[in-house]
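Engineer: Below is the file query.cif, with mmCIF, C-alpha atoms and all ligand atoms.
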```cif
data_model
#
loop_
_atom_site.label_atom_id
_atom_site.label_comp_id
_atom_site.auth_asym_id
_atom_site.auth_seq_id
_atom_site.Cartn_x
_atom_site.Cartn_y
_atom_site.Cartn_z
CA MET A 90 0.00 0.00 0.00
CA LEU A 91 1.23 3.52 -0.81
CA HIS A 92 1.43 5.90 2.13
CA ASP A 93 1.80 9.66 2.11
CA PRO A 94 5.32 9.95 3.62
CA ASN A 95 4.28 12.95 5.74
CA ARG A 96 1.15 11.43 7.22
CA VAL A 97 1.37 10.18 10.79
CA TYR A 98 -1.18 7.55 11.78
CA VAL A 99 -2.68 7.85 15.25
CA PHE A 100 -3.22 4.62 17.18
CA ASP A 101 -5.33 5.10 20.28
CA THR A 102 -4.93 2.62 23.12
CA THR A 103 -7.05 4.39 25.75
CA LEU A 104 -9.35 1.38 25.85
CA ARG A 105 -6.52 -1.16 26.21
CA ASP A 106 -3.29 0.22 27.74
CA GLY A 107 -5.27 3.08 29.36
CA GLU A 108 -7.92 0.83 30.75
CA GLN A 109 -5.32 -1.36 32.47
CA VAL A 110 -4.93 1.36 35.11
CA PRO A 111 -6.35 0.36 38.50
CA GLY A 112 -9.75 2.00 39.01
CA CYS A 113 -10.17 2.91 35.32
CA GLN A 114 -12.08 -0.18 34.21
CA LEU A 115 -15.06 0.51 31.97
CA THR A 116 -18.24 -1.32 31.05
CA THR A 117 -18.85 -2.27 27.42
CA PRO A 118 -21.39 0.57 26.87
CA GLU A 119 -18.88 3.08 28.28
CA LYS A 120 -16.18 1.75 25.97
CA ILE A 121 -18.51 2.00 22.98
CA GLU A 122 -19.24 5.63 23.84
CA ILE A 123 -15.52 6.43 23.99
CA ALA A 124 -14.84 4.50 20.78
CA ARG A 125 -17.52 6.50 18.93
CA GLU A 126 -15.99 9.73 20.20
CA LEU A 127 -12.53 8.53 19.10
CA GLU A 128 -13.95 7.92 15.65
CA ILE A 129 -15.25 11.51 15.57
CA LEU A 130 -11.86 12.71 16.80
CA GLY A 131 -10.38 11.05 13.71
CA VAL A 132 -7.93 8.52 15.12
CA ASP A 133 -6.80 5.91 12.59
CA VAL A 134 -6.70 2.89 14.89
CA ILE A 135 -8.64 2.03 18.05
CA GLU A 136 -7.04 -0.67 20.17
CA ALA A 137 -10.27 -2.01 21.62
CA GLY A 138 -8.89 -4.50 24.12
CA PHE A 139 -7.02 -7.70 24.95
CA PRO A 140 -9.81 -10.19 24.19
CA VAL A 141 -8.31 -13.27 25.83
CA SER A 142 -7.96 -11.43 29.16
CA SER A 143 -11.65 -11.65 30.13
CA PRO A 144 -15.10 -12.33 28.64
CA GLY A 145 -15.95 -8.66 29.24
CA ASP A 146 -12.95 -7.47 27.23
CA PHE A 147 -13.79 -9.94 24.47
CA MET A 148 -17.35 -8.59 24.26
CA SER A 149 -16.10 -5.02 24.21
CA VAL A 150 -13.96 -5.75 21.15
CA VAL A 151 -16.96 -7.40 19.47
CA GLU A 152 -19.26 -4.46 20.21
CA ILE A 153 -16.73 -1.76 19.31
CA SER A 154 -16.13 -3.58 16.03
CA LYS A 155 -19.84 -3.23 15.28
CA ALA A 156 -20.06 0.37 16.52
CA VAL A 157 -17.36 2.10 14.46
CA THR A 158 -16.76 2.22 10.73
CA ALA A 159 -13.82 4.38 9.75
CA PRO A 160 -11.02 3.42 12.16
CA ILE A 161 -9.14 0.14 12.15
CA VAL A 162 -10.18 -1.89 15.20
CA CYS A 163 -7.26 -3.65 16.80
CA ALA A 164 -7.07 -6.48 19.35
CA LEU A 165 -3.99 -7.28 21.43
CA THR A 166 -2.56 -10.76 21.84
CA ARG A 167 0.52 -12.46 23.20
CA ALA A 168 2.51 -14.53 20.74
CA ASN A 169 0.46 -17.70 21.06
CA LYS A 170 -2.26 -19.43 19.07
CA MET A 171 -4.95 -19.31 21.73
CA ASP A 172 -4.70 -15.53 22.18
CA ILE A 173 -4.70 -15.05 18.41
CA ASP A 174 -7.72 -17.34 17.85
CA VAL A 175 -9.73 -15.46 20.48
CA ALA A 176 -8.70 -12.08 19.03
CA VAL A 177 -9.64 -13.17 15.49
CA GLU A 178 -13.05 -14.24 16.76
CA SER A 179 -13.56 -10.95 18.63
CA LEU A 180 -12.84 -8.97 15.45
CA LYS A 181 -15.28 -10.81 13.22
CA TYR A 182 -17.55 -7.74 12.82
CA ALA A 183 -14.71 -5.25 12.33
CA LYS A 184 -14.75 -3.55 8.95
CA ARG A 185 -10.98 -3.09 9.18
CA PRO A 186 -9.55 -5.62 11.69
CA ARG A 187 -5.99 -5.62 12.97
CA ILE A 188 -4.23 -8.13 15.23
CA HIS A 189 -1.54 -6.67 17.48
CA THR A 190 0.70 -9.54 18.53
CA GLY A 191 4.18 -9.58 19.97
CA ILE A 192 6.73 -10.71 22.50
CA GLY A 193 9.58 -9.33 24.64
CA ALA A 194 12.69 -8.27 22.74
CA SER A 195 15.07 -7.19 25.50
CA ASP A 196 17.46 -9.67 27.11
CA MET A 197 15.82 -8.74 30.41
CA HIS A 198 12.44 -9.99 29.18
CA ILE A 199 13.88 -12.92 27.23
CA LYS A 200 15.75 -14.28 30.27
CA HIS A 201 13.69 -13.12 33.22
CA LYS A 202 10.17 -13.16 31.83
CA PHE A 203 10.27 -15.99 29.28
CA ASN A 204 13.26 -17.93 30.63
CA SER A 205 14.22 -18.37 27.01
CA THR A 206 16.86 -17.51 24.40
CA ARG A 207 17.03 -14.92 21.62
CA GLU A 208 16.73 -17.66 18.98
CA GLU A 209 13.62 -19.22 20.53
CA ILE A 210 11.92 -15.86 21.00
CA LEU A 211 12.63 -14.90 17.39
CA GLU A 212 11.01 -18.14 16.26
CA ARG A 213 7.95 -17.53 18.41
CA ALA A 214 7.61 -14.00 17.06
CA VAL A 215 7.68 -15.20 13.45
CA GLU A 216 5.30 -18.08 14.16
CA ALA A 217 2.79 -15.74 15.81
CA VAL A 218 2.80 -13.33 12.87
CA LYS A 219 2.46 -16.17 10.33
CA TYR A 220 -0.38 -17.70 12.31
CA ALA A 221 -2.28 -14.41 12.70
CA LYS A 222 -1.75 -13.61 9.03
CA LYS A 223 -3.77 -16.69 8.04
CA SER A 224 -6.89 -14.98 9.43
CA VAL A 225 -6.28 -11.23 9.27
CA GLU A 226 -4.38 -9.27 6.63
CA ASP A 227 -3.33 -6.35 8.84
CA ILE A 228 -0.85 -7.54 11.48
CA GLU A 229 0.99 -5.25 13.87
CA PHE A 230 3.92 -6.78 15.73
CA TYR A 231 5.18 -5.35 19.04
CA ALA A 232 8.72 -5.97 20.27
CA GLU A 233 8.06 -5.44 23.96
CA ASP A 234 10.71 -3.53 25.92
CA ALA A 235 12.39 -2.56 22.63
CA GLY A 236 13.64 0.55 24.44
CA ARG A 237 16.10 -1.65 26.36
CA ALA A 238 16.67 -4.26 23.63
CA ASP A 239 19.93 -4.80 21.80
CA VAL A 240 19.44 -2.88 18.57
CA GLU A 241 21.06 -5.50 16.30
CA TYR A 242 18.80 -8.22 17.68
CA LEU A 243 15.81 -5.89 17.43
CA ALA A 244 16.63 -5.26 13.77
CA GLN A 245 16.84 -9.01 13.15
CA MET A 246 13.46 -9.50 14.79
CA VAL A 247 11.83 -6.64 12.89
CA GLU A 248 13.14 -7.94 9.56
CA ALA A 249 11.92 -11.46 10.29
CA VAL A 250 8.39 -10.41 11.32
CA ILE A 251 8.01 -8.15 8.28
CA ALA A 252 9.06 -11.08 6.09
CA ALA A 253 6.43 -13.15 7.91
CA GLY A 254 3.71 -10.61 7.03
CA ALA A 255 3.70 -7.82 9.64
CA THR A 256 2.30 -4.58 8.19
CA VAL A 257 3.22 -2.43 11.19
CA VAL A 258 6.17 -2.87 13.55
CA ASN A 259 5.71 -1.39 16.99
CA ILE A 260 8.90 -0.47 18.87
CA PRO A 261 7.68 0.09 22.43
CA ASP A 262 9.67 1.85 25.08
CA THR A 263 7.65 -0.23 27.51
CA ASN A 264 9.40 1.08 30.61
CA GLY A 265 9.77 4.70 29.54
CA TYR A 266 13.53 4.20 29.81
CA CYS A 267 15.04 5.90 26.77
CA LEU A 268 16.28 9.42 26.27
CA PRO A 269 14.83 11.07 23.16
CA ASP A 270 18.10 10.86 21.22
CA GLN A 271 18.55 7.19 22.17
CA TYR A 272 15.04 6.31 21.10
CA GLY A 273 15.33 8.35 17.88
CA ALA A 274 18.64 6.61 17.11
CA LYS A 275 17.00 3.21 17.59
CA ILE A 276 14.30 4.04 15.04
CA LYS A 277 16.93 5.40 12.65
CA PHE A 278 18.98 2.22 13.01
CA LEU A 279 15.95 0.16 12.01
CA LYS A 280 15.23 2.47 9.08
CA ASP A 281 18.84 2.18 7.87
CA ASN A 282 19.51 -1.49 8.55
CA VAL A 283 16.34 -3.51 8.13
CA LYS A 284 16.27 -4.53 4.45
CA ASN A 285 12.49 -4.79 4.10
CA ILE A 286 11.57 -1.88 6.44
CA ASP A 287 9.74 -0.01 3.68
CA GLN A 288 7.17 -2.79 3.53
CA ALA A 289 5.89 -1.84 7.00
CA ILE A 290 5.07 1.22 9.05
CA ILE A 291 7.20 1.81 12.14
CA SER A 292 5.10 2.62 15.19
CA VAL A 293 6.20 4.34 18.40
CA HIS A 294 4.68 3.33 21.73
CA CYS A 295 6.32 5.20 24.59
CA HIS A 296 5.57 5.06 28.30
CA ASN A 297 6.06 8.04 30.53
CA ASP A 298 8.08 6.76 33.51
CA LEU A 299 10.62 9.56 33.16
CA GLY A 300 8.17 12.09 31.73
CA LEU A 301 9.72 11.62 28.26
CA ALA A 302 6.94 9.83 26.40
CA THR A 303 5.96 12.71 24.15
CA ALA A 304 9.57 13.76 23.49
CA ASN A 305 10.50 10.17 22.65
CA SER A 306 7.53 9.74 20.33
CA ILE A 307 8.46 12.91 18.47
CA ALA A 308 12.09 11.72 18.22
CA GLY A 309 10.78 8.48 16.73
CA LEU A 310 8.71 10.36 14.16
CA GLN A 311 11.67 12.57 13.27
CA ASN A 312 13.64 9.44 12.50
CA GLY A 313 11.13 7.72 10.27
CA ALA A 314 8.30 6.26 12.38
CA ARG A 315 4.86 7.05 10.95
CA GLN A 316 2.46 5.73 13.55
CA ILE A 317 2.19 7.06 17.07
CA GLU A 318 0.49 5.12 19.86
CA GLY A 319 -0.94 6.80 22.91
CA THR A 320 -3.96 7.57 25.02
CA ILE A 321 -6.22 10.48 25.79
CA ASN A 322 -4.89 12.42 28.80
CA GLY A 323 -1.81 10.15 28.68
CA ILE A 324 -3.43 7.59 30.96
CA GLY A 325 -1.85 4.14 31.10
CA GLU A 326 0.30 1.71 33.07
CA ARG A 327 2.26 3.34 35.92
CA ALA A 328 3.11 6.92 34.83
CA GLY A 329 1.07 6.49 31.69
CA ASN A 330 1.42 6.41 27.92
CA THR A 331 2.16 9.13 25.42
CA SER A 332 -0.60 11.68 25.42
CA ILE A 333 -2.13 11.80 21.94
CA GLU A 334 -3.22 15.42 22.29
CA GLU A 335 0.36 16.45 23.04
CA VAL A 336 1.87 14.74 19.99
CA VAL A 337 -0.82 16.04 17.65
CA MET A 338 -0.35 19.60 18.89
CA VAL A 339 3.47 19.34 18.68
CA LEU A 340 3.11 18.41 15.00
CA LYS A 341 0.61 21.25 14.40
CA THR A 342 2.73 23.80 16.22
CA HIS A 343 6.00 22.76 14.58
CA GLN A 344 4.93 22.52 10.97
CA VAL A 345 8.58 22.69 10.02
CA LEU A 346 8.69 18.95 10.83
CA GLY A 347 6.48 18.51 7.76
CA LEU A 348 4.28 15.89 9.47
CA TYR A 349 0.54 15.85 10.01
CA THR A 350 -2.25 13.67 11.39
CA ASN A 351 -5.92 13.47 10.47
CA VAL A 352 -7.05 14.13 14.03
CA ASN A 353 -9.46 17.00 14.59
CA SER A 354 -7.79 18.75 17.50
CA LYS A 355 -10.89 20.87 18.20
CA ASN A 356 -12.41 17.78 19.85
CA PHE A 357 -9.59 17.31 22.36
CA PHE A 358 -11.10 19.12 25.31
CA GLU A 359 -14.42 17.29 25.10
CA MET A 360 -12.68 13.95 24.54
CA SER A 361 -10.39 14.58 27.51
CA ARG A 362 -13.27 15.35 29.86
CA MET A 363 -15.25 12.34 28.69
CA VAL A 364 -12.33 9.96 29.35
CA SER A 365 -11.60 11.61 32.68
CA THR A 366 -15.20 11.32 33.86
CA GLN A 367 -15.79 7.79 32.68
CA MET A 368 -12.47 6.51 33.99
CA ARG A 369 -12.72 8.45 37.25
CA MET A 370 -9.24 9.81 36.58
CA PRO A 371 -8.91 13.58 37.09
CA VAL A 372 -6.81 15.57 34.63
CA GLN A 373 -4.01 17.37 36.45
CA PRO A 374 -4.65 21.15 36.20
CA ASN A 375 -1.27 21.83 34.60
CA LYS A 376 -1.57 19.00 32.03
CA ALA A 377 -0.38 20.25 28.64
CA ILE A 378 -3.15 20.98 26.11
CA VAL A 379 -6.17 19.89 28.18
CA GLY A 380 -5.44 20.79 31.83
CA SER A 381 -7.75 23.40 33.39
CA ASN A 382 -4.78 25.78 33.74
CA ALA A 383 -3.40 25.17 30.24
CA PHE A 384 -4.71 28.55 29.06
CA ALA A 385 -4.92 30.42 32.39
CA HIS A 386 -2.59 33.39 32.82
CA SER A 387 -2.02 34.36 36.41
CA SER A 388 1.14 36.35 37.07
CA GLY A 389 1.21 40.11 36.52
CA ILE A 390 4.02 40.00 33.96
CA HIS A 391 2.31 37.32 31.87
CA GLN A 392 -1.11 38.96 32.13
CA ASP A 393 0.24 42.31 31.02
CA GLY A 394 2.02 40.71 28.04
CA PHE A 395 -1.00 38.61 27.13
CA LEU A 396 -3.34 41.62 27.20
CA LYS A 397 -0.99 43.54 24.89
CA ASN A 398 -0.81 40.67 22.41
CA ARG A 399 -2.01 37.18 23.29
CA GLU A 400 0.80 35.62 21.24
CA ASN A 401 3.26 36.89 23.83
CA TYR A 402 2.15 33.97 26.02
CA GLU A 403 0.01 31.74 23.84
CA ILE A 404 1.56 29.31 21.35
CA ILE A 405 -1.67 27.37 20.87
CA ARG A 406 -5.09 28.98 20.56
CA PRO A 407 -7.50 27.47 23.12
CA GLU A 408 -10.18 27.19 20.43
CA ASP A 409 -7.86 24.94 18.39
CA VAL A 410 -8.18 22.25 21.06
CA GLY A 411 -11.80 23.00 21.94
CA PHE A 412 -10.87 24.73 25.19
CA PRO A 413 -13.60 27.21 26.30
CA SER A 414 -11.27 30.26 26.32
CA ALA A 415 -8.08 31.68 27.74
CA SER A 416 -8.46 33.21 31.19
CA ILE A 417 -6.81 35.94 33.16
CA VAL A 418 -6.90 34.66 36.73
CA LEU A 419 -6.92 37.20 39.55
CA THR A 420 -4.61 36.35 42.43
CA ALA A 421 -2.21 38.33 44.60
CA ARG A 422 0.36 37.81 41.79
CA SER A 423 -1.81 39.67 39.27
CA GLY A 424 -0.94 43.12 38.08
CA ARG A 425 -2.90 46.34 37.60
CA HIS A 426 -3.55 45.58 33.91
CA ALA A 427 -5.35 42.37 34.75
CA LEU A 428 -7.46 44.10 37.40
CA LYS A 429 -8.32 46.89 34.98
CA PHE A 430 -9.24 44.33 32.32
CA HIS A 431 -11.68 42.55 34.64
CA LEU A 432 -13.19 45.75 36.05
CA GLU A 433 -13.78 47.06 32.54
CA ARG A 434 -15.38 43.73 31.65
CA LEU A 435 -17.78 44.36 34.54
CA GLY A 436 -18.44 47.91 33.34
CA TYR A 437 -16.14 49.93 35.65
CA LYS A 438 -13.91 52.52 34.03
CA LEU A 439 -11.25 53.78 36.47
CA ASP A 440 -8.80 56.62 36.07
CA LYS A 441 -5.16 56.13 37.01
CA ASP A 442 -5.51 57.25 40.64
CA GLU A 443 -8.62 55.25 41.33
CA LEU A 444 -7.05 52.17 39.76
CA TYR A 445 -4.02 52.65 42.00
CA GLU A 446 -6.19 52.82 45.15
CA THR A 447 -8.40 49.93 44.07
CA TYR A 448 -5.37 47.80 43.28
CA LYS A 449 -4.08 48.28 46.84
CA ASN A 450 -7.41 47.07 48.27
CA PHE A 451 -7.46 44.25 45.76
CA LEU A 452 -4.03 43.00 46.91
CA THR A 453 -5.12 42.97 50.54
CA LEU A 454 -8.16 40.95 49.60
CA ALA A 455 -6.22 38.62 47.28
CA ASP A 456 -3.60 37.87 49.95
CA ALA A 457 -6.41 36.75 52.22
CA LYS A 458 -8.61 34.99 49.68
CA LEU A 459 -6.17 33.49 47.14
CA ASP A 460 -8.55 33.58 44.19
CA ILE A 461 -10.75 36.56 43.32
CA ASN A 462 -14.02 36.19 41.43
CA ASP A 463 -16.56 38.65 39.96
CA ASP A 464 -18.54 38.86 43.23
CA ASP A 465 -15.37 39.92 45.05
CA LEU A 466 -14.72 42.60 42.43
CA GLN A 467 -18.27 43.90 42.74
CA LYS A 468 -17.80 44.16 46.53
CA LEU A 469 -14.48 45.92 45.99
CA MET A 470 -16.30 48.51 43.89
CA SER A 471 -19.43 48.72 46.06
CA HIS A 472 -18.53 52.25 47.26
CA ARG A 473 -19.19 53.42 43.69
CA LEU A 474 -22.78 54.51 43.11
CA VAL A 475 -22.38 54.55 39.33
CA LYS A 476 -20.05 52.47 37.22
CA ASN A 477 -18.54 55.22 35.06
O1 LIG B 1 4.12 -1.09 26.54
C1 LIG B 1 4.09 -2.08 25.80
O2 LIG B 1 5.11 -2.68 25.45
C2 LIG B 1 2.78 -2.55 25.36
C3 LIG B 1 2.73 -3.63 24.34
C4 LIG B 1 1.80 -4.70 24.74
C5 LIG B 1 2.41 -3.05 23.01
O3 LIG B 1 1.76 -2.02 25.76
ZN ZN B 2 2.20 -0.06 26.63
#
```
Taking this structure as input, can you express it in the form of structure tokens?
Ligand code: KIV
Ligand code: ZN
Structural biologist:
Amino acid sequence: MLHDPNRVYVFDTTLRDGEQVPGCQLTTPEKIEIARELEILGVDVIEAGFPVSSPGDFMSVVEISKAVTAPIVCALTRANKMDIDVAVESLKYAKRPRIHTGIGASDMHIKHKFNSTREEILERAVEAVKYAKKSVEDIEFYAEDAGRADVEYLAQMVEAVIAAGATVVNIPDTNGYCLPDQYGAKIKFLKDNVKNIDQAIISVHCHNDLGLATANSIAGLQNGARQIEGTINGIGERAGNTSIEEVVMVLKTHQVLGLYTNVNSKNFFEMSRMVSTQMRMPVQPNKAIVGSNAFAHSSGIHQDGFLKNRENYEIIRPEDVGFPSASIVLTARSGRHALKFHLERLGYKLDKDELYETYKNFLTLADAKLDINDDDLQKLMSHRLVKN
């Protein structure tokens, strides 16, 4: 298949890697609702679950397969026939099914998880892909813990699974271990050394244990990967997965990279709140792109600059991610310009001296109350009989 070399495919695993988080489990109807919203968001792939893990997860994959049309629906398996058979069955209604199978690629996993050897694991990887390929055309292979795997062995594995029929090769930094340049170099090595690499898409799947998931994913894309895996709000095992909204907005903001996705970023805020509510997982206020403070300006210096020209402190427009609007928050760190802005919004026009006096009273109040709202401002101005 011919791919636009600048197009980045977005693989959402909110319903699989995200749902593994303790306390985030969803019912099938809740998963269907999220899947439908992901389809509207425009993701290319929805990883709907790990069907062999439970009857409930199996049913969710079945029902999501019926519920969505445009995205590929993907089911996770380990590299064994039983998992693959169950996943194939769960995908029988999918218009565009994908099996995501794989096995550990690092010596750590090979020795201490599988008690095996590199040779045996390579064989199992190839067998799994060949077996899955008999039932489903689109096969993604994951080389678990690739972030810590020996790169020559990883290249050997990737070449063998592509020869066996893999259409996408996922290079997970399962433990969020890599530095961006290390991870980027790993992807580049595969691009340069795997003979048949152009027959598959390289996918990046980065965890956030060191807070580097987004940076690592971008490094992977800069070095030739063309699918990014992640979740809404970055939820996922331990410190989470790559946050899809962050990667999409990095690509939009840095158009010089020449890469784009088909995701409609204006749906991010709504999507984020839906996932947060259904999964009972609050979004941290300072979360990039979708946190409640992501577009709130609170210090005097920033507020003054923002009011002169919003681009002084705004590299993304809130409306581009569906955020209600930027806000100028009034606290004891706010300056006179911010106070004036809010008083004018409420209809009070103050001359320089009155603003000076009012600002002093405002600071006293703000030191005591932390956060000043419109009612507080009205009280502050209650000595005025008329507004102007
Ligand atoms: O982090 C990981 O390695 C995974 C694989 C199962 C793809 O989630
Ligand atoms: Zn993962």
Engineer: Taking (-6.1, 49.2, 37.7) in the file's coordinates, which residues come within 12 Å, counting all atoms listed in the file, written as a PyMOL selection string?
Structural biologist: chain A and resi 389+393+423-433+437-452+466+470
Engineer: Please extract the residues at most 6 Å from ligand LIG 1 (chain B), counting only C-alpha atoms and all ligand atoms, and provide them as JSON, numbers by chain, using the chain letters and residue numbers of this document.
Structural biologist: {"A": [106, 231, 233, 234, 261, 263]}
Engineer: Can you pull out every residue with an atom within 9 Å of ligand ZN 2 (chain B)? Use only C-alpha atoms and all ligand atoms and format it as number ranges by chain.
Structural biologist: A: 102, 105-107, 233, 261-264, 294-296, 318-319, 325-326, 329-330
Engineer: Which distance in Å separates CA of Asn312 (chain A) and CA of Ile286 (chain A), to one decimal?
Structural biologist: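 Between CA of Asn312 (chain A) and CA of Ile286 (chain A) the gap works out to 13.0 Å.
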Engineer: Using all atoms listed in the file, determine which residues lie at most 12 Å from Gln114 (chain A), disregarding the query and same-chain residues fewer than 2 positions distant; provide the list as a list of chain:residue names.
Structural biologist: A:Thr103, A:Leu104, A:Arg105, A:Asp106, A:Gly107, A:Glu108, A:Gln109, A:Val110, A:Pro111, A:Gly112, A:Thr116, A:Thr117, A:Pro118, A:Glu119, A:Lys120, A:Gly138, A:Gly145, A:Asp146, A:Ser149, A:Gly325, A:Val364, A:Ser365, A:Thr366, A:Gln367, A:Met368, A:Arg369, A:Met370
Engineer: Output the selection as a PDB file, in the frame of the given file - C-alpha atoms for each residue.
Structural biologist:
```pdb
ATOM      1  CA  THR A 103      -7.050   4.390  25.750  1.00  0.00           C
ATOM      2  CA  LEU A 104      -9.350   1.380  25.850  1.00  0.00           C
ATOM      3  CA  ARG A 105      -6.520  -1.160  26.210  1.00  0.00           C
ATOM      4  CA  ASP A 106      -3.290   0.220  27.740  1.00  0.00           C
ATOM      5  CA  GLY A 107      -5.270   3.080  29.360  1.00  0.00           C
ATOM      6  CA  GLU A 108      -7.920   0.830  30.750  1.00  0.00           C
ATOM      7  CA  GLN A 109      -5.320  -1.360  32.470  1.00  0.00           C
ATOM      8  CA  VAL A 110      -4.930   1.360  35.110  1.00  0.00           C
ATOM      9  CA  PRO A 111      -6.350   0.360  38.500  1.00  0.00           C
ATOM     10  CA  GLY A 112      -9.750   2.000  39.010  1.00  0.00           C
ATOM     11  CA  THR A 116     -18.240  -1.320  31.050  1.00  0.00           C
ATOM     12  CA  THR A 117     -18.850  -2.270  27.420  1.00  0.00           C
ATOM     13  CA  PRO A 118     -21.390   0.570  26.870  1.00  0.00           C
ATOM     14  CA  GLU A 119     -18.880   3.080  28.280  1.00  0.00           C
ATOM     15  CA  LYS A 120     -16.180   1.750  25.970  1.00  0.00           C
ATOM     16  CA  GLY A 138      -8.890  -4.500  24.120  1.00  0.00           C
ATOM     17  CA  GLY A 145     -15.950  -8.660  29.240  1.00  0.00           C
ATOM     18  CA  ASP A 146     -12.950  -7.470  27.230  1.00  0.00           C
ATOM     19  CA  SER A 149     -16.100  -5.020  24.210  1.00  0.00           C
ATOM     20  CA  GLY A 325      -1.850   4.140  31.100  1.00  0.00           C
ATOM     21  CA  VAL A 364     -12.330   9.960  29.350  1.00  0.00           C
ATOM     22  CA  SER A 365     -11.600  11.610  32.680  1.00  0.00           C
ATOM     23  CA  THR A 366     -15.200  11.320  33.860  1.00  0.00           C
ATOM     24  CA  GLN A 367     -15.790   7.790  32.680  1.00  0.00           C
ATOM     25  CA  MET A 368     -12.470   6.510  33.990  1.00  0.00           C
ATOM     26  CA  ARG A 369     -12.720   8.450  37.250  1.00  0.00           C
ATOM     27  CA  MET A 370      -9.240   9.810  36.580  1.00  0.00           C
TER      28      MET A 370
END
```
Engineer: Closest to Asp281 (chain A) among A:Thr331, A:Ile417, A:Leu211, A:Ala244, using all atoms listed in the file?
Structural biologist: A:Ala244
Engineer: I'd like the neighbourhood of Val240 (chain A) as a PyMOL selection string, where a residue qualifies if any of its atoms comes within 12 Å (using only C-alpha atoms), though same-chain residues fewer than 2 positions away should be ignored.
Structural biologist: chain A and resi 194-196+232+234-238+242-247+260+271-283
Engineer: Write out as a PyMOL selection string which residues come within 9 Å of Ala253 (chain A) when counting only C-alpha atoms, dropping same-chain ones fewer than 4 positions away.
Structural biologist: chain A and resi 215-216+218-219+222+248-249
Engineer: What would the file look like if the residues just selected were written as a compact mmCIF listing (two decimals), keeping the file's coordinate frame with C-alpha atoms?
Structural biologist:
```
# COMPACT_ATOMS: atom_id res chain seq x y z
CA VAL A 215 7.68 -15.20 13.45
CA GLU A 216 5.30 -18.08 14.16
CA VAL A 218 2.80 -13.33 12.87
CA LYS A 219 2.46 -16.17 10.33
CA LYS A 222 -1.75 -13.61 9.03
CA GLU A 248 13.14 -7.94 9.56
CA ALA A 249 11.92 -11.46 10.29
```
Engineer: So the first atom is CA of Pro269 (chain A) and the second is CA of Ala308 (chain A); what is the distance between them in Å, to one decimal place?
Structural biologist: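 Distance between the two atoms: 5.7 Å.
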Engineer: Please return, as an MDAnalysis selection string, all polymer residues that have at least one atom within 9 Å of the point (-3.5, 16.7, 25.1); use only C-alpha atoms and the file's own coordinate frame.
Structural biologist: chainID A and resid 321:323 332:338 354 357:358 361 376:380 410
Engineer: So the first atom is CA of Ala421 (chain A) and the second is CA of Glu403 (chain A); what is the distance between them in Å, to one decimal place?
Structural biologist: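 Taking CA of Ala421 (chain A) and CA of Glu403 (chain A), their separation equals 21.9 Å.
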Engineer: So that I can see what lies close to Val150 (chain A), please list as a VMD selection string the residues with an atom at most 8 Å from it, counting all atoms listed in the file and leaving out residues fewer than 6 positions away in the same chain.
Structural biologist: chain A and resid 137 to 138 140 164 179 to 180
Engineer: Limited to C-alpha atoms, could you put the picked residues into a file as a PDB file, in the frame of the given file?
Structural biologist:
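And here's out.pdb as it stands now:
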```
ATOM      1  CA  ALA A 137     -10.270  -2.010  21.620  1.00  0.00           C
ATOM      2  CA  GLY A 138      -8.890  -4.500  24.120  1.00  0.00           C
ATOM      3  CA  PRO A 140      -9.810 -10.190  24.190  1.00  0.00           C
ATOM      4  CA  ALA A 164      -7.070  -6.480  19.350  1.00  0.00           C
ATOM      5  CA  SER A 179     -13.560 -10.950  18.630  1.00  0.00           C
ATOM      6  CA  LEU A 180     -12.840  -8.970  15.450  1.00  0.00           C
TER       7      LEU A 180
END
```
Engineer: Would you please work out which residue, of A:Ser292, A:Ser154, A:Ser224, A:Gln344, is nearest to Gly309 (chain A) when using only C-alpha atoms?
Structural biologist: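 Ranked by minimum distance to Gly309 (chain A), first place goes to A:Ser292.
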Engineer: Return as AutoDock Vina command-line options the box centre and box size in Å, one decimal, for an axis-aligned box around all listed atoms of region 165-169 of chain A padded by 8 Å per side.
Structural biologist:
```
--center_x -0.7 --center_y -12.5 --center_z 22.0 --size_x 22.5 --size_y 26.4 --size_z 18.5
```
Engineer: Using only C-alpha atoms, find the one residue out of A:Cys163, A:Leu299, A:Ile405, A:Val132 that sits nearest to Val257 (chain A).
Structural biologist: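 Selected residue with least distance to Val257 (chain A): A:Cys163.
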Engineer: Find the residues near Lys155 (chain A): any atom within 10 Å, counting all atoms listed in the file, skip ones fewer than 4 places away on the same chain, and give them as a list in words.
Structural biologist: Ile121, Ser149, Val150, Val151, Val162, Leu180, Lys181, Tyr182, Ala183 and Lys184 of chain A
Engineer: Between A:Val418, A:Tyr266, A:Pro413, A:Pro371, single out the one closest to His386 (chain A), counting all atoms listed in the file.
Structural biologist: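 Closest to His386 (chain A), using all atoms listed in the file: A:Val418.
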Engineer: For Ala221 (chain A), which residue among A:Lys468, A:Lys170, A:Arg362, A:Lys202 is the nearest when counting all atoms listed in the file?
Structural biologist: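 Of A:Lys468, A:Lys170, A:Arg362, A:Lys202, the one nearest Ala221 (chain A), counting all atoms listed in the file, is A:Lys170.
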Engineer: So, with only C-alpha atoms as the atoms that count, which of A:Met171, A:Ala255, A:Val352, A:Ile188 lies closest to Asp101 (chain A)?
Structural biologist: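 Once distances to Asp101 (chain A) are computed over only C-alpha atoms, the minimum belongs to A:Val352.
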